[in-house]
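Everything below concerns the one structure shown next.
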Amino acid sequence: HFSSQTMSVRIALKSFAQPARLSTRAFAADHAPPLKLFGIPGRYANATYTAASKNGELDKVEAELLSFQALMEKKPEFNLFLSNPTVSRQQKVDTMEAIFNGKKSSKVVLNLMTTLASNARLSEADAVTNAFVELMKAKRGEVDAVITSSIPLSKAQLKKASDLLKNQSGGKAVSISTKVDESLLGGMTLQIGDKFLDLSVKTQLEAYRTSLLSA
């Protein structure tokens, strides 16, 4: 009798514990990056994404990382300081704490930057930011698109090209960047994901030349 009671208790405990384990796995999956990035920047970005998601700070962390990236681009001397191997790791950690230890700053970004500093990886901060932004775009379902033209586009031209790219994306949000390539001679090229559309004068002239030679 005692043995059967003990067995019943064990079965009850086992069945009670099972949903908890499933819930834990589900919780972890909810905060996992939408895609797995590799390499050193990717590993830091993956860990930062998970930490930011658990804290409900994904957008905040992205904004802070982009602001820091802009600061590095605007202040080359600061960027040189961060990548200078003669500056001690502790000095770089102290600098990161001074920048990100404010009440409005995310502890996730503070932890990331001080970890990069202590591991002599601050030179990877730009790449880590780019990797994190890639994860955020994947989360939002965004698709990268590039518009290349021979001269800078007017607002009307940019809107027309943007509308075309959005139609090609199948309803997904599109993150658009523009480039200028004078060798196109006119027109533009459009790239969205792995799709490429060449509307340049250069390509049209080359096609016309080829048709004349083959005639």
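Letters A, B, ... mark the chains of the structure tokens in the order given; residue numbers begin at 1 per chain; ligand numbers begin at 1, in order shown.
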Worksheet entry | Filtered DSSP result for chain A, state alpha helix (DSSP H), as a count of residues only | 138
Fill in: Selected residue of minimal separation from A:Asp198 among A:Ser149, A:Asn119, A:Val180, A:Ala98, counting only C-alpha atoms
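For A:Asp198, the nearest of the candidates is A:Ser149.
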Worksheet item: Residues at most 7 Å from A:Val174, counting only C-alpha atoms, excluding those fewer than 2 positions away in the same chain, as an NGL selection string?
Response: :A and (142-145 or 166 or 172 or 176)
Suppose we keep N, CA, C and O atoms; can you now write the selection as a CSV table (one decimal), in the first residue's frame?
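Ended up saving to out_10.csv:
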chain,number,residue,atom,x,y,z
A,142,GLU,N,11.5,42.8,-42.5
A,142,GLU,CA,12.0,43.8,-43.5
A,142,GLU,C,12.9,43.1,-44.5
A,142,GLU,O,13.6,42.2,-44.2
A,143,VAL,N,12.8,43.7,-45.7
A,143,VAL,CA,13.7,43.2,-46.8
A,143,VAL,C,14.6,44.4,-47.2
A,143,VAL,O,14.1,45.5,-47.4
A,144,ASP,N,15.9,44.2,-47.3
A,144,ASP,CA,16.8,45.2,-47.8
A,144,ASP,C,16.7,45.4,-49.3
A,144,ASP,O,16.6,44.5,-50.0
A,145,ALA,N,16.7,46.7,-49.7
A,145,ALA,CA,16.6,47.0,-51.1
A,145,ALA,C,17.6,48.2,-51.4
A,145,ALA,O,17.9,49.0,-50.5
A,166,LYS,N,8.4,48.0,-53.1
A,166,LYS,CA,7.4,47.5,-52.2
A,166,LYS,C,6.5,46.5,-52.8
A,166,LYS,O,6.1,45.5,-52.2
A,172,LYS,N,6.0,42.8,-47.8
A,172,LYS,CA,6.9,43.0,-46.7
A,172,LYS,C,7.4,44.4,-46.6
A,172,LYS,O,7.4,45.1,-47.6
A,176,ILE,N,15.2,50.7,-47.5
A,176,ILE,CA,15.8,51.2,-48.8
A,176,ILE,C,17.0,52.0,-48.6
A,176,ILE,O,17.0,52.9,-47.7
Item to complete: Write out as a ChimeraX atom specification all residues of chain A that DSSP puts in strand (DSSP E or B) for this structure's backbone.
Response: /A:143-149,174-180,188-192,195-198
Per-residue nearest contacts of stretch 78-143 of chain A to stretch 33-51 of chain A (10 Å; only C-alpha atoms) as JSON lines:
{"residue": "A:Lys107", "atom": "CA", "partner": "A:Ala51", "partner_atom": "CA", "distance": 9.6}
{"residue": "A:Val108", "atom": "CA", "partner": "A:Ala51", "partner_atom": "CA", "distance": 6.6}
{"residue": "A:Val109", "atom": "CA", "partner": "A:Thr48", "partner_atom": "CA", "distance": 7.8}
{"residue": "A:Asn111", "atom": "CA", "partner": "A:Thr48", "partner_atom": "CA", "distance": 8.9}
{"residue": "A:Leu112", "atom": "CA", "partner": "A:Thr48", "partner_atom": "CA", "distance": 6.9}
{"residue": "A:Thr115", "atom": "CA", "partner": "A:Tyr44", "partner_atom": "CA", "distance": 9.5}
{"residue": "A:Leu116", "atom": "CA", "partner": "A:Tyr44", "partner_atom": "CA", "distance": 8.7}
{"residue": "A:Arg121", "atom": "CA", "partner": "A:Ile40", "partner_atom": "CA", "distance": 9.1}
{"residue": "A:Glu124", "atom": "CA", "partner": "A:Pro41", "partner_atom": "CA", "distance": 6.5}
{"residue": "A:Ala125", "atom": "CA", "partner": "A:Pro41", "partner_atom": "CA", "distance": 7.8}
{"residue": "A:Asp126", "atom": "CA", "partner": "A:Pro41", "partner_atom": "CA", "distance": 8.7}
{"residue": "A:Ala127", "atom": "CA", "partner": "A:Pro41", "partner_atom": "CA", "distance": 5.7}
{"residue": "A:Val128", "atom": "CA", "partner": "A:Pro41", "partner_atom": "CA", "distance": 4.4}
{"residue": "A:Thr129", "atom": "CA", "partner": "A:Ala45", "partner_atom": "CA", "distance": 7.3}
{"residue": "A:Asn130", "atom": "CA", "partner": "A:Pro41", "partner_atom": "CA", "distance": 8.5}
{"residue": "A:Ala131", "atom": "CA", "partner": "A:Ala45", "partner_atom": "CA", "distance": 5.9}
{"residue": "A:Phe132", "atom": "CA", "partner": "A:Ala45", "partner_atom": "CA", "distance": 5.0}
{"residue": "A:Val133", "atom": "CA", "partner": "A:Ala45", "partner_atom": "CA", "distance": 8.8}
{"residue": "A:Glu134", "atom": "CA", "partner": "A:Leu35", "partner_atom": "CA", "distance": 9.1}
{"residue": "A:Leu135", "atom": "CA", "partner": "A:Pro34", "partner_atom": "CA", "distance": 6.4}
{"residue": "A:Met136", "atom": "CA", "partner": "A:Pro34", "partner_atom": "CA", "distance": 8.2}
{"residue": "A:Lys137", "atom": "CA", "partner": "A:Pro34", "partner_atom": "CA", "distance": 9.3}
{"residue": "A:Ala138", "atom": "CA", "partner": "A:Pro34", "partner_atom": "CA", "distance": 6.2}
{"residue": "A:Lys139", "atom": "CA", "partner": "A:Pro34", "partner_atom": "CA", "distance": 5.8}
{"residue": "A:Arg140", "atom": "CA", "partner": "A:Pro34", "partner_atom": "CA", "distance": 9.5}
{"residue": "A:Gly141", "atom": "CA", "partner": "A:Pro34", "partner_atom": "CA", "distance": 9.7}
Based on the selection just made, write C-alpha atoms of those residues as a PDB file, in the first residue's frame.
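File out.pdb, as written:
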ATOM      1  CA  LYS A 107      21.787  47.923 -19.047  1.00  0.00           C
ATOM      2  CA  VAL A 108      21.898  45.510 -21.979  1.00  0.00           C
ATOM      3  CA  VAL A 109      23.962  47.952 -24.026  1.00  0.00           C
ATOM      4  CA  ASN A 111      26.836  45.048 -20.487  1.00  0.00           C
ATOM      5  CA  LEU A 112      27.584  44.561 -24.188  1.00  0.00           C
ATOM      6  CA  THR A 115      32.149  43.071 -22.261  1.00  0.00           C
ATOM      7  CA  LEU A 116      33.553  44.109 -25.638  1.00  0.00           C
ATOM      8  CA  ARG A 121      36.750  43.596 -28.915  1.00  0.00           C
ATOM      9  CA  GLU A 124      34.048  44.940 -33.429  1.00  0.00           C
ATOM     10  CA  ALA A 125      31.359  47.323 -32.100  1.00  0.00           C
ATOM     11  CA  ASP A 126      30.441  48.555 -35.591  1.00  0.00           C
ATOM     12  CA  ALA A 127      30.081  44.998 -36.928  1.00  0.00           C
ATOM     13  CA  VAL A 128      28.110  43.922 -33.846  1.00  0.00           C
ATOM     14  CA  THR A 129      25.711  46.820 -34.396  1.00  0.00           C
ATOM     15  CA  ASN A 130      25.239  45.874 -38.047  1.00  0.00           C
ATOM     16  CA  ALA A 131      24.561  42.277 -37.024  1.00  0.00           C
ATOM     17  CA  PHE A 132      22.034  43.367 -34.402  1.00  0.00           C
ATOM     18  CA  VAL A 133      20.247  45.565 -36.956  1.00  0.00           C
ATOM     19  CA  GLU A 134      20.126  42.548 -39.290  1.00  0.00           C
ATOM     20  CA  LEU A 135      18.376  40.564 -36.549  1.00  0.00           C
ATOM     21  CA  MET A 136      15.905  43.398 -35.961  1.00  0.00           C
ATOM     22  CA  LYS A 137      15.102  43.626 -39.672  1.00  0.00           C
ATOM     23  CA  ALA A 138      14.445  39.889 -39.717  1.00  0.00           C
ATOM     24  CA  LYS A 139      12.161  40.271 -36.690  1.00  0.00           C
ATOM     25  CA  ARG A 140      10.196  43.042 -38.413  1.00  0.00           C
ATOM     26  CA  GLY A 141      10.048  41.079 -41.660  1.00  0.00           C
TER      27      GLY A 141
END
Discussion item. Just to confirm, what's the straight-line distance from atom CA of A:Thr189 to atom CA of A:Lys202 in Å (one decimal)?
Written reply: 10.5 Å
Fill in: Point-to-point distance from atom CA of A:Arg209 to atom CA of A:Pro152, Å rounded to tenths
26.9 Å
Item to complete: Have a look at atom CA of A:Ile151 and atom CA of A:Lys179 and let me know their distance in Å, one decimal.
Response: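 Computing the Euclidean distance for atom CA of A:Ile151 and atom CA of A:Lys179 yields 8.8 Å.
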Discussion item. I'd like to know which of A:Met188, A:Val87, A:Leu110, A:Ala156 is closest to A:Leu65, using only C-alpha atoms.
Written reply: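 Smallest distance to A:Leu65 is found for A:Leu110.
Proximity ranking of A:Ser175, A:Ser162, A:Ser105, A:Ser123 relative to A:Gln69 places A:Ser123 first, based on only C-alpha atoms.
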Worksheet item: A:Phe81: which residues within 12 Å, counting only C-alpha atoms, same-chain residues fewer than 5 positions away excluded, as a list of chain:residue names?
Response: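 In the requested format, the answer is A:Met72, A:Lys75, A:Pro76, A:Thr86, A:Val87, A:Ser88, A:Arg89, A:Gln91, A:Lys92, A:Thr95, A:Met96, A:Ala117, A:Leu122, A:Ser123.
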